[in-house]
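Source file: final.txt (compact mmCIF, C-alpha atoms)
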# COMPACT_ATOMS: atom_id res chain seq x y z
CA MET Z 268 8.88 -13.01 38.46
CA LYS Z 269 11.86 -11.37 36.86
CA THR Z 270 12.15 -7.64 37.04
CA ASP Z 271 13.19 -5.79 33.96
CA HIS Z 272 16.67 -4.76 35.14
CA THR Z 273 17.75 -8.33 35.76
CA ILE Z 274 17.37 -8.95 32.03
CA SER Z 275 20.13 -7.90 29.73
CA LYS Z 276 19.56 -6.42 26.32
CA GLN Z 277 21.01 -9.58 24.85
CA ASP Z 278 18.47 -11.76 26.67
CA PHE Z 279 15.78 -9.55 25.35
CA TRP Z 280 16.89 -9.95 21.75
CA SER Z 281 17.11 -13.70 22.22
CA TYR Z 282 13.51 -13.78 23.48
CA LEU Z 283 12.45 -11.87 20.39
CA GLU Z 284 14.31 -14.38 18.26
CA GLU Z 285 11.88 -16.98 19.56
CA VAL Z 286 9.00 -15.12 17.90
CA ILE Z 287 8.36 -16.75 14.56
CA ASP Z 288 6.90 -15.04 11.49
CA PRO Z 289 3.42 -16.58 11.17
CA GLU Z 290 3.52 -16.66 7.37
CA ILE Z 291 7.12 -17.79 6.94
CA PRO Z 292 7.58 -20.15 9.86
CA VAL Z 293 11.30 -20.72 9.25
CA LEU Z 294 12.20 -17.12 10.06
CA ASN Z 295 11.95 -15.16 13.27
CA VAL Z 296 11.02 -11.50 13.53
CA VAL Z 297 14.62 -10.43 14.23
CA GLU Z 298 16.01 -12.16 11.13
CA MET Z 299 13.22 -10.61 9.10
CA GLY Z 300 14.34 -7.17 10.19
CA ILE Z 301 10.92 -6.43 11.65
CA VAL Z 302 12.28 -5.62 15.11
CA ARG Z 303 14.27 -2.44 14.60
CA ASN Z 304 15.33 -1.56 18.10
CA VAL Z 305 14.93 -2.35 21.76
CA VAL Z 306 15.15 0.66 24.04
CA PHE Z 307 15.44 0.31 27.80
CA ASP Z 308 13.58 3.28 29.25
CA GLU Z 309 13.57 3.97 32.97
CA ASP Z 310 10.54 1.94 33.83
CA GLN Z 311 9.83 -0.04 30.69
CA VAL Z 312 11.27 -1.58 27.58
CA VAL Z 313 10.19 -0.27 24.21
CA VAL Z 314 10.30 -2.65 21.26
CA LYS Z 315 10.24 -0.80 17.95
CA ILE Z 316 8.91 -2.73 15.00
CA THR Z 317 8.33 -1.75 11.41
CA PRO Z 318 5.84 -3.33 8.99
CA THR Z 319 7.14 -5.31 6.05
CA TYR Z 320 4.28 -4.64 3.65
CA SER Z 321 1.70 -1.97 4.47
CA GLY Z 322 -1.28 -4.21 4.17
CA CYS Z 323 0.39 -7.22 5.75
CA PRO Z 324 -2.29 -8.82 7.93
CA ALA Z 325 0.42 -10.71 9.80
CA MET Z 326 1.63 -7.51 11.47
CA ASN Z 327 -1.10 -7.65 14.09
CA ALA Z 328 -0.38 -11.30 14.72
CA ILE Z 329 3.33 -10.53 15.04
CA GLU Z 330 2.71 -7.76 17.53
CA MET Z 331 0.50 -10.05 19.58
CA ALA Z 332 3.07 -12.84 19.42
CA ILE Z 333 5.74 -10.47 20.76
CA HIS Z 334 3.43 -9.52 23.63
CA GLU Z 335 2.76 -13.15 24.40
CA LYS Z 336 6.41 -14.15 24.29
CA LEU Z 337 7.57 -11.34 26.56
CA ARG Z 338 4.83 -12.03 29.09
CA GLU Z 339 5.73 -15.71 28.98
CA LYS Z 340 9.28 -14.66 29.90
CA GLY Z 341 7.91 -12.79 32.89
CA ILE Z 342 8.35 -9.31 31.51
CA GLU Z 343 5.51 -6.98 32.33
CA SER Z 344 6.42 -3.41 31.66
CA PHE Z 345 7.08 -3.11 27.99
CA LYS Z 346 5.41 -1.73 24.94
CA VAL Z 347 5.57 -2.48 21.25
CA VAL Z 348 5.63 0.58 19.01
CA THR Z 349 5.28 0.66 15.23
CA ASP Z 350 7.82 3.03 13.75
CA PHE Z 351 7.60 4.27 10.18
CA LYS Z 352 10.76 6.36 10.16
CA GLU Z 353 12.73 3.71 8.37
CA SER Z 354 11.03 1.90 5.59
CA TRP Z 355 11.51 -1.86 5.67
CA THR Z 356 13.59 -3.36 2.90
CA THR Z 357 14.48 -6.93 2.04
CA ASN Z 358 18.14 -5.79 2.19
CA TRP Z 359 17.82 -6.05 5.99
CA MET Z 360 17.36 -9.80 5.76
CA THR Z 361 20.52 -11.60 6.80
CA ASP Z 362 22.25 -14.04 4.42
CA HIS Z 363 21.49 -16.76 6.91
CA ALA Z 364 17.79 -15.89 6.70
CA LYS Z 365 17.90 -15.95 2.90
CA LYS Z 366 19.49 -19.38 3.01
CA LYS Z 367 16.71 -20.64 5.27
CA LEU Z 368 14.12 -19.19 2.92
CA LYS Z 369 15.63 -21.06 -0.01
CA GLU Z 370 15.72 -24.33 1.92
CA TYR Z 371 12.07 -23.76 2.75
CA GLY Z 372 11.28 -23.50 -0.98
CA ILE Z 373 10.94 -19.74 -1.32
CA ALA Z 374 13.33 -18.00 -3.73
CA PRO Z 375 14.98 -15.34 -1.56
CA PRO Z 376 14.98 -11.65 -2.50
CA GLU Z 377 18.04 -10.35 -4.29
CA LYS Z 378 19.54 -6.99 -3.42
CA THR Z 379 17.32 -4.08 -4.34
CA GLY Z 380 19.01 -1.49 -6.47
CA ASP Z 381 18.06 2.12 -6.80
CA ASP Z 382 14.91 2.83 -8.73
CA SER Z 383 16.09 5.47 -11.10
CA ASP Z 384 15.30 3.25 -14.05
CA PHE Z 385 11.87 2.13 -12.86
CA LEU Z 386 9.98 3.76 -15.71
CA THR Z 387 12.22 2.19 -18.35
CA SER Z 388 11.98 -1.14 -16.55
CA LEU Z 389 8.21 -1.02 -17.10
CA LYS Z 390 8.91 -1.99 -20.68
CA GLY Z 391 10.11 -5.53 -20.37
CA SER Z 392 13.46 -6.42 -18.74
CA GLN Z 393 12.32 -9.14 -16.43
CA LYS Z 394 14.71 -10.17 -13.76
CA ILE Z 395 15.95 -13.72 -13.41
CA VAL Z 396 14.86 -15.61 -10.33
CA PRO Z 397 16.56 -19.00 -9.92
CA CYS Z 398 14.40 -21.94 -8.86
CA PRO Z 399 14.91 -22.69 -5.14
CA TYR Z 400 14.61 -26.43 -5.82
CA CYS Z 401 16.87 -27.08 -8.81
CA ASP Z 402 18.67 -23.72 -9.20
CA SER Z 403 17.65 -23.50 -12.85
CA ILE Z 404 17.39 -19.98 -14.23
CA ASP Z 405 14.81 -21.11 -16.79
CA THR Z 406 11.90 -19.76 -14.73
CA LYS Z 407 8.88 -17.68 -15.56
CA LEU Z 408 6.98 -15.04 -13.61
CA GLN Z 409 3.35 -16.10 -13.27
CA SER Z 410 2.05 -13.34 -11.06
CA GLU Z 411 3.56 -10.40 -9.22
CA PHE Z 412 1.19 -11.21 -6.37
CA GLY Z 413 1.13 -14.42 -4.43
CA SER Z 414 -0.38 -16.05 -1.38
CA THR Z 415 0.86 -13.27 0.88
CA ALA Z 416 1.71 -9.62 0.31
CA CYS Z 417 5.45 -10.32 0.30
CA LYS Z 418 5.58 -13.02 -2.36
CA SER Z 419 5.18 -13.39 -6.10
CA GLN Z 420 4.56 -16.58 -8.08
CA TYR Z 421 7.05 -18.23 -10.42
CA TYR Z 422 7.20 -21.45 -12.39
CA CYS Z 423 10.33 -23.49 -13.08
CA ASN Z 424 10.46 -24.76 -16.66
CA GLU Z 425 13.26 -27.17 -15.72
CA CYS Z 426 11.79 -29.13 -12.81
CA HIS Z 427 8.20 -28.06 -13.52
CA GLN Z 428 7.68 -26.85 -10.03
CA PRO Z 429 5.71 -23.73 -9.18
CA PHE Z 430 7.44 -21.72 -6.48
CA GLU Z 431 7.22 -18.46 -4.60
CA HIS Z 432 9.68 -15.62 -4.67
CA PHE Z 433 10.11 -13.18 -1.81
CA LYS Z 434 9.63 -9.81 -3.52
CA CYS Z 435 12.42 -7.33 -3.07
CA ILE Z 436 11.41 -3.96 -1.82
CA MET E 267 -11.66 20.33 4.26
CA SER E 268 -15.28 19.49 3.73
CA THR E 269 -17.63 22.16 2.40
CA PHE E 270 -18.23 23.35 5.96
CA ASP E 271 -14.68 23.19 7.23
CA THR E 272 -12.13 25.94 7.50
CA ILE E 273 -8.69 26.33 6.02
CA PRO E 274 -5.92 24.85 8.17
CA LYS E 275 -3.80 27.45 9.93
CA THR E 276 -1.01 25.63 11.70
CA LYS E 277 1.46 23.24 10.17
CA GLN E 278 -0.05 20.42 12.19
CA GLU E 279 -3.58 21.14 10.92
CA ALA E 280 -2.26 21.18 7.37
CA LEU E 281 -0.45 17.90 7.97
CA VAL E 282 -3.62 16.24 9.29
CA GLU E 283 -5.61 17.43 6.26
CA THR E 284 -2.94 16.13 3.90
CA LEU E 285 -2.83 12.76 5.64
CA LEU E 286 -6.61 12.45 5.51
CA ARG E 287 -6.85 13.36 1.83
CA LEU E 288 -4.26 10.78 0.88
CA ALA E 289 -5.81 8.20 3.19
CA ASP E 290 -9.40 8.72 2.01
CA ASP E 291 -8.45 8.13 -1.64
CA ARG E 292 -6.73 4.90 -0.69
CA LEU E 293 -9.32 3.57 1.71
CA ILE E 294 -12.21 4.12 -0.70
CA LEU E 295 -10.41 2.78 -3.76
CA GLY E 296 -9.01 -0.12 -1.71
CA HIS E 297 -12.53 -0.95 -0.55
CA ARG E 298 -13.82 -0.86 -4.13
CA ILE E 299 -11.04 -3.17 -5.32
CA SER E 300 -11.71 -5.52 -2.41
CA GLU E 301 -15.14 -6.14 -3.93
CA TRP E 302 -13.29 -8.36 -6.40
CA ALA E 303 -12.12 -10.78 -3.72
CA GLY E 304 -13.48 -14.17 -4.73
CA HIS E 305 -14.71 -12.84 -8.10
CA GLY E 306 -11.46 -12.30 -10.01
CA PRO E 307 -11.35 -13.53 -13.61
CA GLU E 308 -8.68 -16.08 -12.68
CA LEU E 309 -7.05 -17.20 -9.46
CA GLU E 310 -3.83 -15.22 -9.90
CA GLU E 311 -5.77 -12.07 -10.64
CA ASP E 312 -8.10 -12.63 -7.73
CA LEU E 313 -5.04 -12.75 -5.47
CA ALA E 314 -3.46 -9.76 -7.16
CA LEU E 315 -6.55 -7.57 -6.73
CA ALA E 316 -6.96 -8.66 -3.12
CA ASN E 317 -3.29 -7.82 -2.53
CA ILE E 318 -3.60 -4.40 -4.13
CA ALA E 319 -6.74 -3.68 -2.11
CA LEU E 320 -4.94 -4.74 1.04
CA ASP E 321 -1.97 -2.49 0.23
CA MET E 322 -4.19 0.53 -0.31
CA ILE E 323 -6.20 -0.07 2.84
CA GLY E 324 -2.88 -0.58 4.63
CA HIS E 325 -1.63 2.76 3.34
CA ALA E 326 -4.83 4.44 4.52
CA SER E 327 -4.55 2.74 7.89
CA ALA E 328 -1.02 4.04 8.51
CA LEU E 329 -1.94 7.58 7.43
CA TYR E 330 -5.13 7.60 9.55
CA THR E 331 -3.27 6.25 12.57
CA TYR E 332 -0.78 9.08 12.35
CA ALA E 333 -3.55 11.67 11.89
CA ALA E 334 -5.34 10.21 14.94
CA GLU E 335 -2.17 10.55 16.99
CA LEU E 336 -1.77 14.19 15.94
CA GLU E 337 -5.41 15.02 16.57
CA GLY E 338 -5.68 13.06 19.81
CA LYS E 339 -8.36 10.69 18.49
CA ALA E 340 -8.56 7.13 19.79
CA ASP E 341 -7.46 5.42 16.58
CA GLU E 342 -7.77 5.12 12.83
CA ASP E 343 -11.31 3.73 13.08
CA HIS E 344 -12.57 7.18 13.94
CA TYR E 345 -11.87 8.31 10.37
CA ALA E 346 -12.87 5.15 8.54
CA TYR E 347 -16.10 4.34 10.35
CA PHE E 348 -17.45 7.38 12.10
CA ARG E 349 -17.40 10.10 9.48
CA ASP E 350 -20.18 10.84 6.99
CA ASP E 351 -19.76 11.12 3.26
CA ILE E 352 -19.38 14.90 3.30
CA ASP E 353 -16.33 14.55 5.57
CA PHE E 354 -14.55 12.18 3.22
CA LYS E 355 -12.03 13.92 0.98
CA ASN E 356 -11.44 11.26 -1.62
CA ILE E 357 -11.83 12.09 -5.28
CA ALA E 358 -14.75 10.64 -7.23
CA LEU E 359 -12.47 8.42 -9.32
CA CYS E 360 -11.98 6.26 -6.21
CA GLU E 361 -15.65 5.90 -5.31
CA LEU E 362 -17.20 5.00 -8.67
CA PRO E 363 -18.81 1.55 -8.68
CA ARG E 364 -16.62 -1.46 -9.27
CA GLY E 365 -17.36 -1.78 -12.98
CA ASP E 366 -16.06 -4.63 -15.10
CA PHE E 367 -12.50 -5.91 -15.02
CA ALA E 368 -11.35 -3.46 -17.70
CA PHE E 369 -12.73 -0.54 -15.72
CA THR E 370 -11.03 -1.82 -12.57
CA ILE E 371 -7.68 -2.05 -14.36
CA ALA E 372 -8.05 1.35 -16.04
CA ARG E 373 -8.79 2.94 -12.67
CA ILE E 374 -5.89 1.27 -10.85
CA PHE E 375 -3.57 2.21 -13.71
CA LEU E 376 -4.55 5.89 -13.80
CA PHE E 377 -4.50 6.20 -10.02
CA SER E 378 -1.20 4.35 -9.54
CA THR E 379 0.49 6.38 -12.25
CA PHE E 380 -0.63 9.54 -10.48
CA SER E 381 0.43 8.17 -7.07
CA TYR E 382 3.81 7.17 -8.44
CA PHE E 383 4.71 10.73 -9.47
CA LEU E 384 3.05 12.33 -6.46
CA TYR E 385 4.89 10.15 -3.92
CA GLN E 386 8.17 10.52 -5.75
CA LYS E 387 7.94 14.31 -5.44
CA LEU E 388 6.59 14.26 -1.88
CA ILE E 389 9.45 12.09 -0.62
CA ASP E 390 11.85 14.85 -1.71
CA ILE E 391 10.18 17.65 0.21
CA VAL E 392 8.38 16.26 3.28
CA GLU E 393 10.46 16.86 6.41
CA ASP E 394 8.26 15.05 8.93
CA GLU E 395 10.08 11.76 9.56
CA GLN E 396 7.05 9.54 10.20
CA PHE E 397 5.13 10.88 7.21
CA ASN E 398 8.14 10.63 4.95
CA GLY E 399 8.85 7.07 6.12
CA MET E 400 5.29 6.09 5.21
CA LEU E 401 5.59 7.71 1.80
CA GLN E 402 8.80 5.81 1.07
CA LYS E 403 7.25 2.55 2.13
CA HIS E 404 4.06 3.05 0.14
CA PHE E 405 6.02 4.22 -2.89
CA LYS E 406 7.63 0.80 -3.20
CA GLU E 407 4.23 -0.86 -3.30
CA ILE E 408 2.73 1.66 -5.70
CA LYS E 409 5.34 0.55 -8.23
CA TYR E 410 3.97 -2.95 -8.09
CA HIS E 411 0.44 -1.67 -8.67
CA LEU E 412 1.60 0.47 -11.57
CA ARG E 413 3.56 -2.33 -13.21
CA HIS E 414 0.76 -4.83 -12.78
CA SER E 415 -2.07 -2.61 -14.02
CA ARG E 416 0.01 -1.32 -16.93
CA GLU E 417 0.65 -4.84 -18.12
CA TRP E 418 -3.06 -5.55 -18.00
CA VAL E 419 -3.88 -2.38 -19.96
CA LEU E 420 -1.55 -3.67 -22.71
CA ARG E 421 -3.00 -7.16 -22.60
CA LEU E 422 -6.63 -6.01 -22.69
CA GLY E 423 -6.12 -3.25 -25.27
CA ASP E 424 -4.04 -5.40 -27.57
CA GLY E 425 -6.07 -8.54 -26.86
CA THR E 426 -9.34 -9.74 -28.33
CA ASP E 427 -11.95 -7.48 -29.95
CA GLU E 428 -14.03 -7.67 -26.83
CA SER E 429 -11.21 -6.95 -24.38
CA HIS E 430 -10.09 -4.07 -26.60
CA GLN E 431 -13.59 -2.61 -26.70
CA ARG E 432 -14.09 -2.97 -22.97
CA ALA E 433 -10.74 -1.34 -22.22
CA GLN E 434 -11.55 1.52 -24.59
CA ASP E 435 -15.00 1.99 -23.01
CA ALA E 436 -13.41 1.96 -19.56
CA PHE E 437 -10.91 4.74 -20.35
CA ASN E 438 -13.61 6.77 -22.12
CA GLU E 439 -15.92 6.47 -19.15
CA ILE E 440 -13.40 7.21 -16.44
CA TRP E 441 -11.61 10.06 -18.17
CA MET E 442 -13.83 12.88 -16.90
CA TYR E 443 -12.85 11.86 -13.36
CA THR E 444 -9.11 12.27 -13.91
CA GLY E 445 -9.28 16.08 -13.72
CA GLU E 446 -9.71 15.89 -9.95
CA LEU E 447 -6.34 14.22 -9.59
CA PHE E 448 -4.74 17.55 -10.45
CA ASN E 449 -7.19 20.02 -8.90
CA LEU E 450 -5.69 22.04 -6.08
CA ASP E 451 -7.87 23.91 -3.60
CA GLU E 452 -7.04 26.30 -0.75
CA VAL E 453 -6.27 23.44 1.62
CA ASP E 454 -3.71 22.05 -0.81
CA GLN E 455 -2.22 25.51 -1.27
CA VAL E 456 -1.64 25.84 2.47
CA ALA E 457 -0.08 22.37 2.51
CA ILE E 458 2.18 23.30 -0.41
CA GLN E 459 3.35 26.45 1.40
CA LYS E 460 4.21 24.34 4.43
CA ASN E 461 6.16 21.78 2.40
CA LEU E 462 3.61 19.04 3.01
CA PHE E 463 2.30 18.74 -0.52
CA VAL E 464 3.45 19.53 -4.04
CA ASP E 465 1.93 21.35 -6.97
CA THR E 466 0.46 18.47 -8.92
CA LEU E 467 0.60 20.44 -12.16
CA ASP E 468 4.39 20.16 -11.97
CA PHE E 469 4.16 16.48 -12.91
CA ARG E 470 1.03 16.50 -15.02
CA GLU E 471 3.03 16.25 -18.22
CA GLU E 472 5.01 13.25 -16.94
CA TRP E 473 1.77 11.57 -15.93
CA GLU E 474 0.18 12.27 -19.31
CA LYS E 475 3.19 10.95 -21.16
CA LEU E 476 3.21 7.65 -19.32
CA VAL E 477 -0.56 7.26 -19.75
CA VAL E 478 -0.56 8.22 -23.44
CA ASP E 479 2.46 5.99 -24.22
CA THR E 480 0.76 3.06 -22.53
CA LEU E 481 -2.58 3.58 -24.27
CA GLU E 482 -0.87 3.87 -27.64
CA GLU E 483 1.15 0.74 -27.00
CA ALA E 484 -2.13 -0.97 -26.07
CA THR E 485 -3.63 0.20 -29.41
CA LEU E 486 -6.20 2.26 -27.51
CA ASN E 487 -7.34 5.78 -28.35
CA VAL E 488 -6.46 8.50 -25.89
CA PRO E 489 -9.70 10.14 -24.69
CA ASP E 490 -10.22 13.84 -25.30
CA MET E 491 -8.04 15.67 -22.76
CA GLU E 492 -10.08 18.86 -23.10
CA GLN E 493 -13.43 17.34 -22.20
CA TYR E 494 -15.61 18.38 -19.25
CA MET E 495 -14.08 17.27 -15.98
CA PHE E 496 -15.97 16.29 -12.84
CA SER E 497 -14.94 18.14 -9.66
CA GLY E 498 -16.03 18.78 -6.09
CA SER E 499 -15.38 15.47 -4.34
CA ARG E 500 -12.37 16.79 -2.45
CA GLN E 501 -14.67 19.38 -0.94
CA GLY E 502 -17.19 16.73 0.11
CA ARG E 503 -19.56 16.99 -2.87
CA HIS E 504 -19.52 13.34 -3.79
CA THR E 505 -21.38 11.20 -6.27
CA GLU E 506 -24.26 9.12 -4.95
CA HIS E 507 -21.99 6.07 -4.98
CA LEU E 508 -19.93 7.02 -1.94
CA GLY E 509 -22.94 6.97 0.39
CA ARG E 510 -23.79 3.44 -0.61
CA LEU E 511 -20.20 2.30 -0.20
CA LEU E 512 -19.99 3.85 3.27
CA ALA E 513 -23.32 2.32 4.28
CA GLU E 514 -21.91 -1.11 3.61
CA MET E 515 -18.46 -0.42 5.04
CA GLN E 516 -19.60 1.37 8.20
CA PHE E 517 -22.80 -0.46 9.05
CA LEU E 518 -21.39 -3.04 11.44
CA ARG E 519 -19.05 -0.69 13.25
CA ARG E 520 -21.73 1.93 13.75
CA SER E 521 -24.39 -0.57 14.84
CA TYR E 522 -22.03 -2.19 17.33
CA PRO E 523 -19.42 0.45 18.12
CA ASP E 524 -17.74 -1.63 20.81
CA ALA E 525 -17.78 -4.93 18.96
CA GLU E 526 -14.48 -6.79 18.83
CA TRP E 527 -13.24 -9.58 16.60
CA LYS E 528 -12.66 -12.62 18.76
Write out the structure in this file as structure tokens.
Amino acid sequence: MKTDHTISKQDFWSYLEEVIDPEIPVLNVVEMGIVRNVVFDEDQVVVKITPTYSGCPAMNAIEMAIHEKLREKGIESFKVVTDFKESWTTNWMTDHAKKKLKEYGIAPPEKTGDDSDFLTSLKGSQKIVPCPYCDSIDTKLQSEFGSTACKSQYYCNECHQPFEHFKCI
Amino acid sequence: MSTFDTIPKTKQEALVETLLRLADDRLILGHRISEWAGHGPELEEDLALANIALDMIGHASALYTYAAELEGKADEDHYAYFRDDIDFKNIALCELPRGDFAFTIARIFLFSTFSYFLYQKLIDIVEDEQFNGMLQKHFKEIKYHLRHSREWVLRLGDGTDESHQRAQDAFNEIWMYTGELFNLDEVDQVAIQKNLFVDTLDFREEWEKLVVDTLEEATLNVPDMEQYMFSGSRQGRHTEHLGRLLAEMQFLRRSYPDAEWK
């Protein structure tokens, strides 16, 4: 069995990259920005994660998957801690991750701006979300809430394909 | 603080009380909204209500978990499953029975509008990093609830005769429970002094404006603002509805305290 000091930080991150998001199986938890930090304490490694959406039922599954993966790699003394200090934002998703999302058929989140105009935005002003299949901008929001907490539902008027959009928060 | 509790003295005690008050509102309302799962008027709305319920229960879960850490309790379940109705600090607005779809929307709209302004102000003053991080996270989701419920208020109010009437009835019925949103008691006052809570009256006008503008746009009448307002839930004097809700929610956990999902 490997002991913790024979494993470099880099190895550790690469193990975590093998943990796949259960609801978006093309992305791993590092690309998603769920793993915030890995801290090597004296006798154990602390993995800090942050939830994407508060009610996301996948968070438990993700935490368990991290446990499983690290044990599989022979690491025993570690703990996974949920940290709320920083609040997860889709801006943490890498461009590479967004590209993979699109290829998977989910319209990726655009950059979130500041919210100073939220109250005015309540009255109309719908944003344009291009179709991930045909890139048409002739799309329509069908529901702000989709199959999982992180997605909303759109419909493409061009290729007549319903699709999901990763909500920006 | 329930009727039999004492006023918090230390900053930590005040923080725990604040966390529990916020969490109780969200757990109880989230549970009520979850009663729609599988019964929504259309598939999209079924999903939306389930999502909103999940968000609110998620908010409660994070707040309870932090309170449990501060108080040295095992976990969040202590607060959700092993307290009696008198210990819950949620306002009555959150515990009223599910009602019809119009009532559900009116309630989510009024509550989310309140939460929007409350969280916006809290984020500016709360120094505790974990608490503030949660507020920022939840704030983003509250905006979705507000936007979604507001759109439904417009659609129902300015819809058919029946949807209009039901929406009007819903706002008329629920109005006497909105006073509690802005009531402040001694516990809140301590929290305000310690920069853990804000004076809700400071944003009452903003809240009213957004609500009134929306109702007018939806062609609905604004209920009488000066009417009798229900109060007492924050101090543990609940309506009969909370007991029934808790009986259903807590039954399994209390009957089998060590049961685990496998």
Just checking: using all atoms listed in the file, which residue out of E:Thr370, E:Thr480, E:Thr276, E:Gln459 ends up closest to chain Z?
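Distance minimum relative to chain Z lands on E:Thr480.
Using all atoms listed in the file, the nearest neighbour of Glu353 in chain Z within the list Z:Ile316, Z:Val286, Z:Ala416, Z:Met299 is Z:Ile316.
For Glu395 in chain E, the list of residues within 9 Å, based on all atoms listed in the file and with local chain neighbours fewer than 4 positions off taken out, reads Phe351, Lys352 and Glu353 of chain Z; Gly399 and Met400 of chain E.
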Dump as CSV the rows for residues of chain Z within 9 Å of chain E: closest atom pair and distance in Å with one decimal, only C-alpha atoms counted, ordered by chain and rising residue number.
residue,atom,partner,partner_atom,distance
Z:Thr319,CA,E:Lys403,CA,8.8
Z:Tyr320,CA,E:Asp321,CA,7.4
Z:Ser321,CA,E:Gly324,CA,4.8
Z:Gly322,CA,E:Gly324,CA,4.0
Z:Cys323,CA,E:Gly324,CA,7.5
Z:Pro324,CA,E:Leu320,CA,8.4
Z:Asp350,CA,E:Gln396,CA,7.5
Z:Phe351,CA,E:Gly399,CA,5.1
Z:Lys352,CA,E:Gly399,CA,4.5
Z:Glu353,CA,E:Gly399,CA,5.6
Z:Ser354,CA,E:Lys403,CA,5.2
Z:Trp355,CA,E:Lys403,CA,7.1
Z:Thr356,CA,E:Lys403,CA,8.7
Z:Phe385,CA,E:Lys409,CA,8.2
Z:Leu386,CA,E:Leu476,CA,8.6
Z:Leu389,CA,E:Arg413,CA,6.2
Z:Gln409,CA,E:Glu310,CA,8.0
Z:Ser410,CA,E:Glu310,CA,6.3
Z:Glu411,CA,E:His414,CA,7.2
Z:Phe412,CA,E:Ala314,CA,4.9
Z:Gly413,CA,E:Leu313,CA,6.5
Z:Ser414,CA,E:Leu313,CA,7.0
Z:Thr415,CA,E:Asn317,CA,7.7
Z:Ala416,CA,E:Asn317,CA,6.0
Z:Gln420,CA,E:Glu310,CA,8.7
Z:Ile436,CA,E:Lys406,CA,6.2
| By how many Å are CA of Gly498 in chain E and CA of Lys355 in chain E apart? |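 Computing it gives 9.5 Å between the two atoms.
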Could you name the residues that touch Asp465 in chain E at 9 Å or less, counting all atoms listed in the file, but leaving out those on the same chain fewer than 2 positions away, as a PDB file with C-alpha atoms, keeping the file's coordinate frame?
ATOM      1  CA  PHE E 448      -4.740  17.550 -10.450  1.00  0.00           C
ATOM      2  CA  LEU E 450      -5.690  22.040  -6.080  1.00  0.00           C
ATOM      3  CA  ASP E 454      -3.710  22.050  -0.810  1.00  0.00           C
ATOM      4  CA  GLN E 455      -2.220  25.510  -1.270  1.00  0.00           C
ATOM      5  CA  ILE E 458       2.180  23.300  -0.410  1.00  0.00           C
ATOM      6  CA  PHE E 463       2.300  18.740  -0.520  1.00  0.00           C
ATOM      7  CA  LEU E 467       0.600  20.440 -12.160  1.00  0.00           C
ATOM      8  CA  ASP E 468       4.390  20.160 -11.970  1.00  0.00           C
ATOM      9  CA  PHE E 469       4.160  16.480 -12.910  1.00  0.00           C
TER      10      PHE E 469
END
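Nearest residue to Asp353 in chain E, choosing from E:Asp524, E:Arg519, E:Ile273, E:Leu286 and counting all atoms listed in the file: E:Leu286.
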Point (-14.1, 6.4, 8.2) neighbourhood (12 Å, all atoms listed in the file) written as a PyMOL selection string:
chain E and resi 286-287+289-294+297+323+326-327+330-331+334+341-356+508-509+511-517+519-520
For Lys367 in chain Z, work out the shell of residues within 8 Å, counting only C-alpha atoms and skipping chain neighbours fewer than 4 positions away, then give it as a list of chain:residue names. Z:Val293, Z:Leu294, Z:His363, Z:Tyr371
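Distance check against Gly423 in chain E using all atoms listed in the file: of E:Glu283, E:Glu483, E:Glu361, E:Glu393, the minimum falls on E:Glu483.
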CA of Thr444 in chain E sits from CA of Pro363 in chain E at a separation of 15.4 Å
Need to verify the contact set: range 333-337 of chain Z, 10 Å, all atoms listed in the file, exclusion of same-chain residues closer than 2 positions in sequence. Can you return it as a PyMOL selection string?
chain Z and resi 279+282-287+296+302+314+327-331+339-347
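Comparing the minimum interatomic distances between Lys434 in chain Z and each of Z:Ile404, Z:Thr357, Z:Tyr422, Z:Thr387, counting only C-alpha atoms, we find that Z:Thr357 sits nearest.
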What separates CA of Arg500 in chain E and CA of Lys460 in chain E is a distance of 19.5 Å
From the block you just saw, export range 337-357 of chain Z: C-alpha atoms, as a PDB file, in the first residue's frame.
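Saved file part37.pdb follows:
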ATOM      1  CA  LEU Z 337      -8.903   7.534  -3.194  1.00  0.00           C
ATOM      2  CA  ARG Z 338      -9.246   4.224  -1.377  1.00  0.00           C
ATOM      3  CA  GLU Z 339      -8.902   2.428  -4.695  1.00  0.00           C
ATOM      4  CA  LYS Z 340      -5.604   4.301  -5.125  1.00  0.00           C
ATOM      5  CA  GLY Z 341      -4.464   2.998  -1.765  1.00  0.00           C
ATOM      6  CA  ILE Z 342      -4.846   6.231   0.144  1.00  0.00           C
ATOM      7  CA  GLU Z 343      -6.230   5.784   3.616  1.00  0.00           C
ATOM      8  CA  SER Z 344      -5.779   8.881   5.681  1.00  0.00           C
ATOM      9  CA  PHE Z 345      -7.763  11.596   4.032  1.00  0.00           C
ATOM     10  CA  LYS Z 346     -10.963  13.460   4.574  1.00  0.00           C
ATOM     11  CA  VAL Z 347     -13.388  15.282   2.343  1.00  0.00           C
ATOM     12  CA  VAL Z 348     -14.657  18.568   3.728  1.00  0.00           C
ATOM     13  CA  THR Z 349     -17.467  20.716   2.338  1.00  0.00           C
ATOM     14  CA  ASP Z 350     -16.454  24.345   2.367  1.00  0.00           C
ATOM     15  CA  PHE Z 351     -18.948  27.158   1.898  1.00  0.00           C
ATOM     16  CA  LYS Z 352     -16.507  30.054   2.059  1.00  0.00           C
ATOM     17  CA  GLU Z 353     -16.443  30.448  -1.683  1.00  0.00           C
ATOM     18  CA  SER Z 354     -19.691  30.126  -3.489  1.00  0.00           C
ATOM     19  CA  TRP Z 355     -19.531  27.968  -6.598  1.00  0.00           C
ATOM     20  CA  THR Z 356     -19.972  29.719  -9.913  1.00  0.00           C
ATOM     21  CA  THR Z 357     -20.130  28.439 -13.459  1.00  0.00           C
TER      22      THR Z 357
END
